[in-house]
Amino acid sequence: MKIILLGYMGSGKSSVGKRLANKLKYSFIDLDSQIENKTEMSIAEIFQVKGEIWFRNYEKQALDELLERDEAMVISLGGGTPCYGTVMEELLLHPNNMTVYLKTDLDILTDRLWPEMESRPLISHLQTKESLKDFIRKHLFERFPYYSQAKLTVENNADMASTVEKIVSRLF
Ligand code: S3P
């Protein structure tokens with residue numbers, strides 16, 4: 001089985017993914033890190049030099065390569081990965097893919113992303129915390145139709161260990 005974590009930037013996909021993989025003794029892959037390793041560029045550099053469309057095509061290819069591997073793994077997607085092209089449809093097609101949406105409150109996302117905005121190309125232009133919150137609110141509204149198709153939705157607002165427990169108890 002492949003457990004695929006999706007959710008907005010700052011929802012904890014990588015941290016929860018690592019813990020979950022550790023617990024299940026699955027391998028763990030963070031899609032953004034995979035892309036950074038393969039291209040030898042940071043995500044911010046990729047957006048700046050190659051542009052977002054190039055990035056979206058590349059992330060789809062990188063994900064397809066992972067999904068072809070015959071191996072149990074936990075994969076943390078980028079926040080936008082399931083929201084472009086046919087990615088979500090394809091993820092849902094395969095019975096061995098368990099898609100999990102990590103749902104996090106707007107205020108918590110804003111607090112987590114505010115100190116990290118510079119490294120995140122989609123929000124690095126925002127000037128105030130209030131404008132960041134507005135941006136996230138609208139963006140989440142646009143992306144919710146994709147995220148909400150995940151087979152499982154788990155809240156990740158506070159304690160990551162309990163989020164991992166919730167996922168395990170609902171999957172096995
Ligand atoms: C993006 C989220 C980022 C990264 C890129 C675009 C998005 O990943 O893929 O900056 O579109 O939401 P994280 O959600 O892991 O930060």
# chains A, B, ... in the order shown; residues from 1 in each chain; ligands from 1
>>> residues_around(residues="Thr81 of chain A", least_positions_apart="2", cutoff="10 Å", atoms="only C-alpha atoms", output="list in words")
Leu6, Gly7, Tyr8, Leu31, Asp32, Phe55, Arg56, Asn57, Glu59, Lys60, Leu63, Ser76, Leu77, Gly78, Gly79, Cys83, Tyr84, Gly85, Thr86, Val87, Met88 and Tyr146 of chain A
>>> write_last_selection(atoms="C-alpha atoms", output="PDB file, in the first residue's frame")
ATOM      1  CA  LEU A   6      -2.203  15.720   0.956  1.00  0.00           C
ATOM      2  CA  GLY A   7      -3.202  19.082   2.348  1.00  0.00           C
ATOM      3  CA  TYR A   8      -2.348  22.755   2.334  1.00  0.00           C
ATOM      4  CA  LEU A  31       7.743  14.872  -3.046  1.00  0.00           C
ATOM      5  CA  ASP A  32       9.158  18.416  -2.766  1.00  0.00           C
ATOM      6  CA  PHE A  55       7.130  22.822 -11.845  1.00  0.00           C
ATOM      7  CA  ARG A  56       3.591  21.382 -12.114  1.00  0.00           C
ATOM      8  CA  ASN A  57       4.614  19.123 -15.016  1.00  0.00           C
ATOM      9  CA  GLU A  59       5.971  17.249  -9.960  1.00  0.00           C
ATOM     10  CA  LYS A  60       3.417  15.109 -11.838  1.00  0.00           C
ATOM     11  CA  LEU A  63       4.927  11.469  -8.543  1.00  0.00           C
ATOM     12  CA  SER A  76       3.902  13.560   1.289  1.00  0.00           C
ATOM     13  CA  LEU A  77       2.684  15.575  -1.682  1.00  0.00           C
ATOM     14  CA  GLY A  78       3.195  19.296  -2.211  1.00  0.00           C
ATOM     15  CA  GLY A  79       0.172  21.402  -1.287  1.00  0.00           C
ATOM     16  CA  CYS A  83      -5.062  20.200  -7.610  1.00  0.00           C
ATOM     17  CA  TYR A  84      -3.609  20.178 -11.138  1.00  0.00           C
ATOM     18  CA  GLY A  85      -4.412  18.106 -14.222  1.00  0.00           C
ATOM     19  CA  THR A  86      -5.605  14.586 -13.555  1.00  0.00           C
ATOM     20  CA  VAL A  87      -3.467  13.880 -10.483  1.00  0.00           C
ATOM     21  CA  MET A  88      -6.319  13.428  -7.977  1.00  0.00           C
ATOM     22  CA  TYR A 146      -9.642  18.314  -4.589  1.00  0.00           C
TER      23      TYR A 146
END
>>> closest_atom_pairs(of="segment 43-128 of chain A", to="segment 132-137 of chain A", cutoff="10 Å", atoms="only C-alpha atoms", output="tab-separated table")
residue	atom	partner	partner_atom	distance
A:Asp105	CA	A:Arg137	CA	9.9
A:Leu106	CA	A:Arg137	CA	6.8
A:Asp107	CA	A:Lys133	CA	7.4
A:Ile108	CA	A:Lys133	CA	9.9
A:Leu109	CA	A:Ile136	CA	8.0
A:Thr110	CA	A:Lys133	CA	5.6
A:Asp111	CA	A:Lys133	CA	8.9
A:Leu113	CA	A:Leu132	CA	8.5
A:Trp114	CA	A:Leu132	CA	7.4
A:Met117	CA	A:Leu132	CA	9.1
A:Leu122	CA	A:Phe135	CA	9.8
A:Ile123	CA	A:Leu132	CA	7.2
A:Ser124	CA	A:Leu132	CA	9.3
A:His125	CA	A:Leu132	CA	9.4
A:Leu126	CA	A:Leu132	CA	6.1
A:Gln127	CA	A:Leu132	CA	7.6
A:Thr128	CA	A:Leu132	CA	6.3
>>> write_last_selection(atoms="N, CA and C atoms", output="short mmCIF file (atom, residue, chain, number, x, y, z; two decimals), in the first residue's frame")
data_model
loop_
_atom_site.label_atom_id
_atom_site.label_comp_id
_atom_site.auth_asym_id
_atom_site.auth_seq_id
_atom_site.Cartn_x
_atom_site.Cartn_y
_atom_site.Cartn_z
N ASP A 105 -6.77 24.00 10.63
CA ASP A 105 -7.52 25.25 10.72
C ASP A 105 -6.74 26.43 10.11
N LEU A 106 -7.53 27.37 9.60
CA LEU A 106 -6.96 28.56 8.96
C LEU A 106 -5.99 29.32 9.87
N ASP A 107 -6.36 29.51 11.13
CA ASP A 107 -5.49 30.27 12.04
C ASP A 107 -4.17 29.56 12.27
N ILE A 108 -4.23 28.26 12.36
CA ILE A 108 -3.00 27.49 12.61
C ILE A 108 -2.11 27.52 11.36
N LEU A 109 -2.71 27.37 10.19
CA LEU A 109 -1.92 27.45 8.95
C LEU A 109 -1.24 28.81 8.86
N THR A 110 -1.99 29.87 9.18
CA THR A 110 -1.43 31.23 9.10
C THR A 110 -0.26 31.37 10.07
N ASP A 111 -0.43 30.91 11.29
CA ASP A 111 0.67 31.02 12.28
C ASP A 111 1.89 30.22 11.84
N LEU A 113 2.75 29.36 8.71
CA LEU A 113 3.36 29.80 7.45
C LEU A 113 3.99 31.20 7.54
N TRP A 114 3.48 32.00 8.46
CA TRP A 114 3.95 33.40 8.56
C TRP A 114 5.48 33.50 8.70
N MET A 117 7.49 32.36 5.10
CA MET A 117 6.96 32.77 3.80
C MET A 117 8.02 32.91 2.71
N LEU A 122 4.60 30.80 -3.52
CA LEU A 122 3.23 31.26 -3.76
C LEU A 122 2.79 32.34 -2.77
N ILE A 123 3.47 32.43 -1.64
CA ILE A 123 3.03 33.40 -0.63
C ILE A 123 4.11 34.42 -0.26
N SER A 124 5.28 34.31 -0.90
CA SER A 124 6.41 35.15 -0.47
C SER A 124 6.18 36.64 -0.75
N HIS A 125 5.22 36.97 -1.62
CA HIS A 125 4.97 38.39 -1.96
C HIS A 125 4.06 39.08 -0.94
N LEU A 126 3.46 38.31 -0.03
CA LEU A 126 2.47 38.92 0.87
C LEU A 126 3.16 39.70 1.99
N GLN A 127 2.55 40.81 2.37
CA GLN A 127 3.25 41.75 3.27
C GLN A 127 2.82 41.64 4.72
N THR A 128 1.56 41.29 4.95
CA THR A 128 1.08 41.29 6.34
C THR A 128 0.46 39.93 6.67
#
>>> residues_around(residues="Ser11 of chain A", least_positions_apart="5", cutoff="7 Å", atoms="only C-alpha atoms", output="MDAnalysis selection string")
chainID A and resid 102:104 109 156
>>> write_last_selection(atoms="N, CA and C atoms", output="tab-separated table (two decimals), in the first residue's frame")
chain	number	residue	atom	x	y	z
A	102	LEU	N	-4.84	15.89	5.30
A	102	LEU	CA	-4.56	16.48	6.62
A	102	LEU	C	-5.21	17.85	6.67
A	103	LYS	N	-6.25	17.95	7.46
A	103	LYS	CA	-7.05	19.18	7.51
A	103	LYS	C	-6.61	20.02	8.71
A	104	THR	N	-6.26	21.26	8.42
A	104	THR	CA	-5.73	22.12	9.49
A	104	THR	C	-6.47	23.46	9.46
A	109	LEU	N	-2.71	27.37	10.19
A	109	LEU	CA	-1.92	27.45	8.95
A	109	LEU	C	-1.24	28.81	8.86
A	156	ASN	N	-5.32	17.77	11.63
A	156	ASN	CA	-3.98	17.86	12.21
A	156	ASN	C	-3.78	19.29	12.72
>>> select_by_dssp(residues="segment 19-162 of chain A", states="strand (DSSP E)", output="number ranges by chain")
A: 27-30, 73-76, 97-103, 152-155
>>> closest_residue(among="A:Ala44, A:Val164, A:Leu92, A:Met9", to="ligand 1", atoms="only C-alpha atoms and all ligand atoms")
A:Met9
>>> closest_residue(among="A:Ile75, A:Gly80, A:Val49, A:Asp64", to="Arg143 of chain A", atoms="only C-alpha atoms")
A:Gly80
>>> atom_distance(atom1="atom CA of Glu118 of chain A", atom2="atom CA of Ala21 of chain A")
28.7 Å
